[in-house]
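Structure first, commentary second.
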Amino acid sequence: MNNLDNIINFINKVPKAELHLHIEGSLEPELMFKLSKRNKVEIPFKSVEEIKSAYNFKNLDSFLKIYYEGSNVLITEEDFFDLTWEYILRCKNDNIVHTEIFFDPQSHTERGIEFDVVINGINKALKKANSDFGITSKIIMCFLRHLDEDPCFEVLNQALKHKDKIIGVGLDSSEKGNPPQKFKKLFETAIQEGFLTVAHAGEEGPPEYIWDSLNLLKVKRIDHGVQCLRDDKLVETLKQKNIPLTVCPLSNIKLCVFEKLENHNLKKMLDKGLRVMVNSDDPAYFGGYLNKNLIETSKALNLNMVDVRVLIENSFKSSFLDENSKNNWLGKI
Ligand code: HPA
Ligand code: ZN
């Protein structure tokens, strides 16, 4: 077996954690079509093929428009269960043993879907994942940063009675022009209520948004963070504080953050000693789940076995698992 075959074999077999996955972004065209019929919700596509051919994005905003339209087919608790269960079957296939998933309550509550319908559907599938397959998980609730801070407090309020299910809060949607400081008070309140915090930053936005996520939102992880290399002092701080950066290579190519995978800066980030790992973000829209992200990136950037091992180790080290569970998985890599 040559070196690349060894690496692919390792990626397929090794237990992995995923830390950056929007559950709404795992809505495959086939399920979108099925739910649009089941719920009699119109979507602007006549077939699965037409949906797939619409997935050409020029930036984050052009993707978000289609992503929110797709989410409109999700109505009942059963829909959120089915969505999550399909993702869990992908986890099983990719040997993901632990996953920390985002959901966007506001893209559902704004359409009149109850918060409880969403969280209960997702949670039931995650419980079944644990009992059927031993897959563990955490749920992170994201605020939509293109909206104002005020209505987010109402969402946070709704989450209080689900503290047993939701470990933390995050920030996603349109980054440029929606800086972290817009949500400073909201995140302070969330922390007081016992939620951990994370935020998308430095996907398209500048390094300052990463600084402000650390300093103002007190985040434990930065989602994406690939723009950090534009600021040496920031790189030093991220390293010193061991801040995880949840990088999503295929997403970055689909949204034109980098022109091609060969140009991605993941290897540079690894070589600088940053705590990076690979994730799939919105796999139904970006062309691949976790193993495909790892394999394609390994090929394009010529990663060696040590690089890949570090990426997988970082996925567990950066998770919100307890120390015992982390050490247990780290011992199996
Ligand atoms: N960035 C910001 N918001 C998102 C993303 C993303 O990659 N995916 C889903 N919502
Ligand atoms: Zn994301």
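Letters for chains follow the order of the structure tokens (A, B, ...), residue numbers begin at 1 for each chain, and ligand numbers begin at 1 in the order shown.
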*Show which residues sit within 7 Å of segment 252-266 of chain A, as a VMD selection string. Count only C-alpha atoms, and ignore same-chain residues fewer than 3 positions away.*
chain A and resid 57 to 60 204 248 to 249 269 to 270 286 297 300 to 301
Using only C-alpha atoms and all ligand atoms, what does the table of chain A residues within 9 Å of ligand 2 look like, with each row giving the shortest atom pair and its distance in Å to one decimal, sorted by chain and ascending number, as a Markdown table?
| residue | atom | partner | partner_atom_place_in_ligand_line | distance |
| --- | --- | --- | --- | --- |
| A:His20 | CA | ligand 2 | 1 (Zn) | 6.1 |
| A:Leu21 | CA | ligand 2 | 1 (Zn) | 6.5 |
| A:His22 | CA | ligand 2 | 1 (Zn) | 6.2 |
| A:Gly25 | CA | ligand 2 | 1 (Zn) | 8.8 |
| A:Phe102 | CA | ligand 2 | 1 (Zn) | 8.2 |
| A:Leu171 | CA | ligand 2 | 1 (Zn) | 8.9 |
| A:Asp172 | CA | ligand 2 | 1 (Zn) | 6.5 |
| A:Ser173 | CA | ligand 2 | 1 (Zn) | 8.0 |
| A:His200 | CA | ligand 2 | 1 (Zn) | 6.6 |
| A:Glu203 | CA | ligand 2 | 1 (Zn) | 8.8 |
| A:Asp223 | CA | ligand 2 | 1 (Zn) | 6.6 |
| A:His224 | CA | ligand 2 | 1 (Zn) | 7.3 |
| A:Thr246 | CA | ligand 2 | 1 (Zn) | 8.8 |
| A:Cys248 | CA | ligand 2 | 1 (Zn) | 7.9 |
| A:Ser251 | CA | ligand 2 | 1 (Zn) | 8.4 |
| A:Ser280 | CA | ligand 2 | 1 (Zn) | 8.5 |
| A:Asp281 | CA | ligand 2 | 1 (Zn) | 4.9 |
| A:Asp282 | CA | ligand 2 | 1 (Zn) | 7.0 |
Selected residues written out with C-alpha atoms, as a PDB file, in the first residue's frame:
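Ended up saving to out_15.pdb:
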ATOM      1  CA  HIS A  20     -18.827  22.121  13.253  1.00  0.00           C
ATOM      2  CA  LEU A  21     -21.982  20.801  11.648  1.00  0.00           C
ATOM      3  CA  HIS A  22     -25.214  22.706  11.038  1.00  0.00           C
ATOM      4  CA  GLY A  25     -27.037  21.937   6.399  1.00  0.00           C
ATOM      5  CA  PHE A 102     -25.489  23.469  15.604  1.00  0.00           C
ATOM      6  CA  LEU A 171     -23.163  32.795  16.199  1.00  0.00           C
ATOM      7  CA  ASP A 172     -23.666  32.101  12.505  1.00  0.00           C
ATOM      8  CA  SER A 173     -25.155  33.525   9.266  1.00  0.00           C
ATOM      9  CA  HIS A 200     -18.199  31.782  13.557  1.00  0.00           C
ATOM     10  CA  GLU A 203     -14.617  32.783   7.637  1.00  0.00           C
ATOM     11  CA  ASP A 223     -15.676  28.356  14.001  1.00  0.00           C
ATOM     12  CA  HIS A 224     -13.687  28.570  10.745  1.00  0.00           C
ATOM     13  CA  THR A 246     -13.082  24.359  13.550  1.00  0.00           C
ATOM     14  CA  CYS A 248     -14.276  23.299   7.084  1.00  0.00           C
ATOM     15  CA  SER A 251     -17.195  24.593   2.631  1.00  0.00           C
ATOM     16  CA  SER A 280     -18.086  19.314   7.205  1.00  0.00           C
ATOM     17  CA  ASP A 281     -20.187  22.451   8.063  1.00  0.00           C
ATOM     18  CA  ASP A 282     -23.184  21.955   5.692  1.00  0.00           C
TER      19      ASP A 282
END
*Could you tell me, as a VMD selection string, which residues of segment 47-194 of chain A DSSP assigns to strand (DSSP E or B) when given the backbone?*
chain A and resid 96 to 103 136 to 144 166 to 172
Restricting it to N, CA, C and O atoms, dump the selection as an mmCIF file, in the first residue's frame.
data_model
loop_
_atom_site.group_PDB
_atom_site.id
_atom_site.type_symbol
_atom_site.label_atom_id
_atom_site.label_comp_id
_atom_site.auth_asym_id
_atom_site.auth_seq_id
_atom_site.Cartn_x
_atom_site.Cartn_y
_atom_site.Cartn_z
ATOM 1 N N ILE A 96 -17.790 8.481 12.908
ATOM 2 C CA ILE A 96 -17.811 9.625 13.843
ATOM 3 C C ILE A 96 -18.461 9.105 15.126
ATOM 4 O O ILE A 96 -19.598 8.635 15.094
ATOM 5 N N VAL A 97 -17.717 9.168 16.218
ATOM 6 C CA VAL A 97 -18.239 8.608 17.470
ATOM 7 C C VAL A 97 -18.791 9.689 18.396
ATOM 8 O O VAL A 97 -19.464 9.396 19.383
ATOM 9 N N HIS A 98 -18.455 10.936 18.077
ATOM 10 C CA HIS A 98 -18.961 12.058 18.883
ATOM 11 C C HIS A 98 -19.191 13.256 17.960
ATOM 12 O O HIS A 98 -18.327 13.600 17.162
ATOM 13 N N THR A 99 -20.356 13.890 18.092
ATOM 14 C CA THR A 99 -20.640 15.037 17.235
ATOM 15 C C THR A 99 -21.281 16.168 18.028
ATOM 16 O O THR A 99 -22.095 15.924 18.921
ATOM 17 N N GLU A 100 -20.878 17.394 17.704
ATOM 18 C CA GLU A 100 -21.444 18.573 18.369
ATOM 19 C C GLU A 100 -22.120 19.395 17.286
ATOM 20 O O GLU A 100 -21.456 19.953 16.414
ATOM 21 N N ILE A 101 -23.448 19.401 17.335
ATOM 22 C CA ILE A 101 -24.186 19.960 16.197
ATOM 23 C C ILE A 101 -24.822 21.306 16.523
ATOM 24 O O ILE A 101 -25.292 21.552 17.627
ATOM 25 N N PHE A 102 -24.813 22.175 15.520
ATOM 26 C CA PHE A 102 -25.489 23.469 15.604
ATOM 27 C C PHE A 102 -26.913 23.329 15.113
ATOM 28 O O PHE A 102 -27.183 22.547 14.188
ATOM 29 N N PHE A 103 -27.810 24.121 15.704
ATOM 30 C CA PHE A 103 -29.097 24.343 15.046
ATOM 31 C C PHE A 103 -29.428 25.824 15.116
ATOM 32 O O PHE A 103 -28.896 26.558 15.956
ATOM 33 N N THR A 136 -22.098 9.654 20.817
ATOM 34 C CA THR A 136 -22.424 10.710 21.786
ATOM 35 C C THR A 136 -22.516 12.048 21.053
ATOM 36 O O THR A 136 -22.006 12.194 19.935
ATOM 37 N N SER A 137 -23.152 13.023 21.711
ATOM 38 C CA SER A 137 -23.367 14.301 21.020
ATOM 39 C C SER A 137 -23.605 15.434 22.006
ATOM 40 O O SER A 137 -23.902 15.200 23.184
ATOM 41 N N LYS A 138 -23.469 16.641 21.509
ATOM 42 C CA LYS A 138 -23.855 17.866 22.221
ATOM 43 C C LYS A 138 -24.615 18.724 21.225
ATOM 44 O O LYS A 138 -24.408 18.609 20.012
ATOM 45 N N ILE A 139 -25.470 19.608 21.743
ATOM 46 C CA ILE A 139 -26.214 20.519 20.874
ATOM 47 C C ILE A 139 -25.805 21.959 21.196
ATOM 48 O O ILE A 139 -25.751 22.351 22.374
ATOM 49 N N ILE A 140 -25.512 22.724 20.159
ATOM 50 C CA ILE A 140 -25.173 24.151 20.310
ATOM 51 C C ILE A 140 -26.196 24.971 19.531
ATOM 52 O O ILE A 140 -26.453 24.698 18.351
ATOM 53 N N MET A 141 -26.795 25.932 20.217
ATOM 54 C CA MET A 141 -27.832 26.768 19.588
ATOM 55 C C MET A 141 -27.185 28.023 19.006
ATOM 56 O O MET A 141 -26.528 28.775 19.729
ATOM 57 N N CYS A 142 -27.362 28.241 17.708
ATOM 58 C CA CYS A 142 -26.756 29.428 17.075
ATOM 59 C C CYS A 142 -27.758 30.565 16.933
ATOM 60 O O CYS A 142 -28.917 30.347 16.588
ATOM 61 N N PHE A 143 -27.279 31.779 17.162
ATOM 62 C CA PHE A 143 -28.054 32.986 16.856
ATOM 63 C C PHE A 143 -27.698 33.445 15.448
ATOM 64 O O PHE A 143 -26.536 33.333 15.035
ATOM 65 N N LEU A 144 -28.710 33.967 14.741
ATOM 66 C CA LEU A 144 -28.480 34.480 13.386
ATOM 67 C C LEU A 144 -27.999 35.919 13.487
ATOM 68 O O LEU A 144 -28.745 36.809 13.899
ATOM 69 N N ILE A 166 -28.975 21.558 25.704
ATOM 70 C CA ILE A 166 -28.165 22.528 24.947
ATOM 71 C C ILE A 166 -26.953 22.917 25.776
ATOM 72 O O ILE A 166 -27.086 23.492 26.855
ATOM 73 N N ILE A 167 -25.751 22.632 25.254
ATOM 74 C CA ILE A 167 -24.542 22.903 26.056
ATOM 75 C C ILE A 167 -24.015 24.317 25.856
ATOM 76 O O ILE A 167 -23.399 24.887 26.745
ATOM 77 N N GLY A 168 -24.301 24.886 24.683
ATOM 78 C CA GLY A 168 -23.721 26.202 24.430
ATOM 79 C C GLY A 168 -24.455 26.968 23.362
ATOM 80 O O GLY A 168 -25.390 26.461 22.741
ATOM 81 N N VAL A 169 -24.004 28.218 23.176
ATOM 82 C CA VAL A 169 -24.583 29.052 22.120
ATOM 83 C C VAL A 169 -23.475 29.471 21.156
ATOM 84 O O VAL A 169 -22.308 29.601 21.535
ATOM 85 N N GLY A 170 -23.882 29.697 19.908
ATOM 86 C CA GLY A 170 -22.939 30.120 18.873
ATOM 87 C C GLY A 170 -23.527 31.253 18.055
ATOM 88 O O GLY A 170 -24.631 31.746 18.338
ATOM 89 N N LEU A 171 -22.769 31.661 17.040
ATOM 90 C CA LEU A 171 -23.163 32.795 16.199
ATOM 91 C C LEU A 171 -22.875 32.418 14.758
ATOM 92 O O LEU A 171 -21.728 32.072 14.431
ATOM 93 N N ASP A 172 -23.924 32.431 13.919
ATOM 94 C CA ASP A 172 -23.666 32.101 12.505
ATOM 95 C C ASP A 172 -24.436 33.048 11.593
ATOM 96 O O ASP A 172 -24.891 34.099 12.037
#
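Pairwise distance (atom CA of Tyr209 of chain A, atom CA of Pro244 of chain A) equals 15.4 Å.
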_Val278 of chain A surroundings by only C-alpha atoms, 8 Å radius, close-in-sequence under 5 positions cut, as a ChimeraX atom specification_ = /A:18,246-249,290,293-294,311-312,315
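Between atom CA of Gly121 of chain A and atom CA of Ile135 of chain A the interatomic distance comes to 16.9 Å.
If you measure from each of A:Lys268, A:Lys46, A:Lys185, A:His146 to ligand 1 using only C-alpha atoms and all ligand atoms, the closest one turns out to be A:His146.
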*How many Å lie between atom CA of Asn123 of chain A and atom CA of Glu28 of chain A, rounded to one decimal?*
19.4 Å
*Best match for closeness to Arg145 of chain A among A:Leu19, A:Met32, A:Val118, A:Leu186, counting only C-alpha atoms*: A:Leu186
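The closest residue to Gly70 of chain A, picked from A:Glu49, A:Ile210, A:Ile191, A:Ala284 and counting only C-alpha atoms, is A:Ala284.
Using only C-alpha atoms, the residues found no farther than 10 Å from Lys239 of chain A, other than those of its own chain fewer than 4 positions away, are Lys233, Leu234, Val235, Ile243, Pro244, Lys272, Gly273, Leu274 and Arg275 of chain A.
In this comparison, which uses only C-alpha atoms and all ligand atoms, the residue of A:Ser174, A:Asn130, A:Ser36, A:Asn157 approaching ligand 1 most closely is A:Ser174.
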*Fewer than 6 positions away in the same chain doesn't count, so skip those; otherwise give me all residues within 8 Å of segment 324-332 of chain A, counting only C-alpha atoms, as number ranges by chain.*
A: 14-15, 313, 316-317
*asked:* Between A:Ile295, A:Leu196, A:Ile51, A:Ile23, which residue has the minimum interatomic distance to ligand 1, considering only C-alpha atoms and all ligand atoms?
replied: A:Ile23
*Contacts of Lys124 of chain A at 12 Å or less, counting only C-alpha atoms, minus same-chain residues fewer than 6 places along, as a ChimeraX atom specification?*
/A:77-85,88,116-118,130-131,137,139,165
Filtering to C-alpha atoms, could you give me those residues as an mmCIF file, in the first residue's frame?
data_model
loop_
_atom_site.group_PDB
_atom_site.id
_atom_site.type_symbol
_atom_site.label_atom_id
_atom_site.label_comp_id
_atom_site.auth_asym_id
_atom_site.auth_seq_id
_atom_site.Cartn_x
_atom_site.Cartn_y
_atom_site.Cartn_z
ATOM 1 C CA GLU A 77 -40.979 17.167 15.227
ATOM 2 C CA GLU A 78 -40.814 14.112 12.956
ATOM 3 C CA ASP A 79 -39.128 16.224 10.238
ATOM 4 C CA PHE A 80 -36.400 17.352 12.662
ATOM 5 C CA PHE A 81 -36.024 13.768 13.857
ATOM 6 C CA ASP A 82 -35.680 12.461 10.270
ATOM 7 C CA LEU A 83 -33.182 15.187 9.386
ATOM 8 C CA THR A 84 -31.017 14.420 12.396
ATOM 9 C CA TRP A 85 -31.315 10.664 12.015
ATOM 10 C CA ILE A 88 -26.457 10.142 12.341
ATOM 11 C CA ASP A 116 -39.788 22.891 21.398
ATOM 12 C CA VAL A 117 -40.741 21.093 18.169
ATOM 13 C CA VAL A 118 -37.259 21.751 16.787
ATOM 14 C CA ASN A 130 -26.583 6.885 21.589
ATOM 15 C CA SER A 131 -28.719 3.856 22.403
ATOM 16 C CA SER A 137 -23.367 14.301 21.020
ATOM 17 C CA ILE A 139 -26.214 20.519 20.874
ATOM 18 C CA LYS A 165 -29.978 19.364 26.095
#
